[in-house]
Amino acid sequence: MIHTIRLVWRDPILLMLAAAFVLFGCFVASVGIYQSLLAVTVFGIGDAEFSLILAGAMVINVGASIGIGILTDQKARRRTVAIGSALAFAAGSGLVTLVPTPLSFVVTHVLLIPAGGTLFGQFFALSRLAAGSYDKAHRDGILAVVRAAFAVPFVIVLPLWGLAFDSGVQLVTIYPVVAGFAVLLAYVLWRYWPADGTAPWSGHRSGLSIRGALAEMAALPVLARVALVGTIHVGSAVAGVIIGLLFDEASGRGAGDVGLFFGLFVAVEVVVTLMIGTIAFYWSRMTIITAGVVLYAIFLIGLPGLAPTPWLWLLLLPAGIGGALIYTLAISYVQDLLGARAGAGAALLALQRIATDGIGATVFAIGTWFWGYALVAYLAATVTLIAITAIWVLDTRAPIRR
């Protein structure tokens, strides 16, 4: 673990990406968690209208992620696009700060923030390119350390916002603060991102037309695996919804327990994520992902029964460890589906999210219709185990050769 952290610390590009991920995480942790509350309580937007905003944001984010991924592979102009994406973040949060109206909220959350959100894939694309200069044995560990930087703000920033709001700070204060994060992020990218055409990998262009690149991404072996990886993430998507609801049903549990559980869970996840490099020396990538899926399924199966009891806190270990083993290496798995196409490979992460959200919503609807939140947890555990089994079968019987 220490060796991998040192590799990142000594590499200017990887260190820049870690810093950028921290700032990006500060923005996402602030806006992502509170956007529904802002929509309803501050701007008077109804539940149905907010659902449309979320749907529109997803469409813009996915379309922009795919387009940017293909174009950056074609033109190798990654720095320019990344700075523009960060400025979209700044423009959106600045707009609501200066003109706090429902219209500015809609424009920001449907157009500008989703455009800025494409940075997630762009950062992973550059991380993959930068890590390519290291031994293969170190690459997953390097990507894990960089990815861990994104999770750190969720442990720190959310409790700070909680303290601020408890002391009387207005909810809308989020926007000028995250505007500051976005401006600082744009500066970091402008100052330290490798200039277009100067990085060692700058000459590596896809040579594919937009149509050819889309056809490569839409190939059935690729899409099937993206959908299955999206399915193994259903557990975390469902957990984020039902933990608070199960705690609310359990006597003696309240909002404080929800915040504490999430904070400790992410802390465990960050620690284990930093250890991925060491673990990867002993286990294959797919073995590690499978172990993570099994552990997370154990957490989901145990959650409904243990939520009202003191034994609940033992679930922090399978939840945090399982999540760490899944998230980082599943990202690497998806990116590798398109071989050298770093941008398009990162764009697949947006398609993976569609699968996760869609299947997660279906699981939630079925579980609550037939029984309740407990069935939702059991179904989520089941579909993730089925999905990882299917990936093993596909990779064994019909591997993608590049």
# chains A, B, ... in the order shown; residues from 1 in each chain; ligands from 1

call {"tool": "residues_around", "arguments": {"residues": "Val177 (chain A)", "least_positions_apart": "6", "cutoff": "10 Å", "atoms": "only C-alpha atoms", "output": "list in words"}}
result
Cys26, Phe27, Ser30, Ser93, Gly94 and Thr97 of chain A

call {"tool": "write_last_selection", "arguments": {"atoms": "C-alpha atoms", "output": "CSV table (one decimal), in the first residue's frame"}}
result
chain,number,residue,atom,x,y,z
A,26,CYS,CA,-16.1,17.9,-2.6
A,27,PHE,CA,-18.4,19.2,-5.3
A,30,SER,CA,-22.1,18.7,-1.5
A,93,SER,CA,-23.1,26.9,-9.3
A,94,GLY,CA,-22.3,30.5,-9.9
A,97,THR,CA,-25.6,31.8,-6.5

call {"tool": "residues_around", "arguments": {"residues": "region 156-163 of chain A", "least_positions_apart": "6", "cutoff": "9 Å", "atoms": "only C-alpha atoms", "output": "list of chain:residue names"}}
result
A:Cys26, A:Ala29, A:Ser30, A:Ile33, A:Val169, A:Ile174, A:Gly259, A:Gly263

call {"tool": "closest_residue", "arguments": {"among": "A:Leu171, A:Leu349, A:Ala239, A:Pro102", "to": "Phe120 (chain A)", "atoms": "only C-alpha atoms"}}
result
A:Leu349

call {"tool": "atom_distance", "arguments": {"atom1": "CA of Tyr327 (chain A)", "atom2": "CA of Tyr192 (chain A)"}}
result
26.6 Å

call {"tool": "residues_around", "arguments": {"residues": "Leu300 (chain A)", "least_positions_apart": "6", "cutoff": "7 Å", "atoms": "only C-alpha atoms", "output": "list in words"}}
result
Ala377, Tyr378 and Ala381 of chain A

call {"tool": "residues_around", "arguments": {"residues": "Arg285 (chain A)", "least_positions_apart": "2", "cutoff": "9 Å", "atoms": "only C-alpha atoms", "output": "list of chain:residue names"}}
result
A:Asp140, A:Ala280, A:Trp283, A:Thr287, A:Ile288, A:Ile289, A:Thr290, A:Leu329, A:Ala330, A:Ser332, A:Tyr333

call {"tool": "residues_around", "arguments": {"residues": "Val363 (chain A)", "least_positions_apart": "5", "cutoff": "12 Å", "atoms": "only C-alpha atoms", "output": "VMD selection string"}}
result
chain A and resid 231 234 to 235 237 to 239 241 to 242 355 to 358 368 to 384

call {"tool": "residues_around", "arguments": {"residues": "Leu316 (chain A)", "least_positions_apart": "5", "cutoff": "12 Å", "atoms": "only C-alpha atoms", "output": "compact mmCIF listing (two decimals) with C-alpha atoms, in the first residue's frame"}}
result
# COMPACT_ATOMS: atom_id res chain seq x y z
CA LEU A 260 -22.71 7.73 11.31
CA PHE A 261 -23.18 4.46 9.44
CA PHE A 262 -22.45 6.07 6.06
CA GLY A 263 -19.44 7.93 7.41
CA LEU A 264 -17.88 4.83 8.99
CA PHE A 265 -18.74 2.72 5.95
CA VAL A 266 -16.93 5.13 3.60
CA ALA A 267 -13.97 5.34 5.99
CA VAL A 268 -13.57 1.54 5.88
CA GLU A 269 -13.94 1.65 2.10
CA LEU A 295 -19.17 -9.60 0.95
CA TYR A 296 -21.58 -6.90 -0.15
CA ILE A 298 -23.70 -10.66 2.96
CA PHE A 299 -24.11 -7.07 4.11
CA LEU A 300 -27.40 -6.68 2.20
CA GLY A 302 -27.92 -9.13 7.05
CA LEU A 303 -29.10 -5.51 6.96
CA LEU A 306 -29.69 -6.52 12.15
CA ALA A 307 -30.81 -2.90 11.61
CA TRP A 311 -25.03 -6.09 15.82
CA ILE A 321 -14.55 -4.03 2.36
CA GLY A 322 -16.95 -5.37 -0.27
CA GLY A 323 -17.59 -1.93 -1.69
CA ALA A 324 -13.89 -1.15 -1.96

call {"tool": "residues_around", "arguments": {"residues": "Val393 (chain A)", "least_positions_apart": "4", "cutoff": "12 Å", "atoms": "only C-alpha atoms", "output": "number ranges by chain"}}
result
A: 224-225, 228, 286, 386-389, 397-399

call {"tool": "write_last_selection", "arguments": {"atoms": "N, CA and C atoms", "output": "PDB file, in the first residue's frame"}}
result
ATOM      1  N   ALA A 224     -22.962  -6.318 -23.078  1.00  0.00           N
ATOM      2  CA  ALA A 224     -23.400  -7.326 -22.108  1.00  0.00           C
ATOM      3  C   ALA A 224     -22.587  -7.223 -20.828  1.00  0.00           C
ATOM      4  N   ARG A 225     -21.288  -7.064 -20.965  1.00  0.00           N
ATOM      5  CA  ARG A 225     -20.426  -6.957 -19.777  1.00  0.00           C
ATOM      6  C   ARG A 225     -20.660  -5.649 -19.035  1.00  0.00           C
ATOM      7  N   LEU A 228     -23.743  -6.111 -17.026  1.00  0.00           N
ATOM      8  CA  LEU A 228     -23.525  -6.996 -15.878  1.00  0.00           C
ATOM      9  C   LEU A 228     -22.718  -6.294 -14.782  1.00  0.00           C
ATOM     10  N   MET A 286     -10.587 -10.397 -11.234  1.00  0.00           N
ATOM     11  CA  MET A 286     -11.930 -10.954 -11.149  1.00  0.00           C
ATOM     12  C   MET A 286     -12.177 -11.652  -9.815  1.00  0.00           C
ATOM     13  N   ILE A 386     -25.874 -13.195  -9.208  1.00  0.00           N
ATOM     14  CA  ILE A 386     -26.135 -13.741 -10.545  1.00  0.00           C
ATOM     15  C   ILE A 386     -25.263 -13.036 -11.584  1.00  0.00           C
ATOM     16  N   ALA A 387     -25.134 -11.719 -11.454  1.00  0.00           N
ATOM     17  CA  ALA A 387     -24.365 -10.949 -12.432  1.00  0.00           C
ATOM     18  C   ALA A 387     -22.886 -11.327 -12.420  1.00  0.00           C
ATOM     19  N   ILE A 388     -22.290 -11.473 -11.241  1.00  0.00           N
ATOM     20  CA  ILE A 388     -20.861 -11.809 -11.205  1.00  0.00           C
ATOM     21  C   ILE A 388     -20.632 -13.219 -11.733  1.00  0.00           C
ATOM     22  N   THR A 389     -21.581 -14.105 -11.509  1.00  0.00           N
ATOM     23  CA  THR A 389     -21.490 -15.455 -12.079  1.00  0.00           C
ATOM     24  C   THR A 389     -21.531 -15.398 -13.601  1.00  0.00           C
ATOM     25  N   ARG A 397     -15.912 -18.435 -21.449  1.00  0.00           N
ATOM     26  CA  ARG A 397     -16.363 -19.068 -22.706  1.00  0.00           C
ATOM     27  C   ARG A 397     -16.232 -18.154 -23.923  1.00  0.00           C
ATOM     28  N   ALA A 398     -16.335 -16.838 -23.713  1.00  0.00           N
ATOM     29  CA  ALA A 398     -16.282 -15.917 -24.859  1.00  0.00           C
ATOM     30  C   ALA A 398     -15.492 -14.677 -24.492  1.00  0.00           C
ATOM     31  N   PRO A 399     -14.195 -14.821 -24.209  1.00  0.00           N
ATOM     32  CA  PRO A 399     -13.385 -13.667 -23.814  1.00  0.00           C
ATOM     33  C   PRO A 399     -13.252 -12.652 -24.943  1.00  0.00           C
TER      34      PRO A 399
END

call {"tool": "closest_residue", "arguments": {"among": "A:Leu351, A:Leu126, A:Leu220, A:Gln335", "to": "Leu15 (chain A)", "atoms": "only C-alpha atoms"}}
result
A:Leu126

call {"tool": "closest_residue", "arguments": {"among": "A:Pro194, A:Val294, A:Gly277, A:Phe247", "to": "Leu129 (chain A)", "atoms": "only C-alpha atoms"}}
result
A:Pro194

call {"tool": "closest_residue", "arguments": {"among": "A:Gly141, A:Pro12, A:Pro100, A:Gly84", "to": "Arg128 (chain A)", "atoms": "only C-alpha atoms"}}
result
A:Gly141
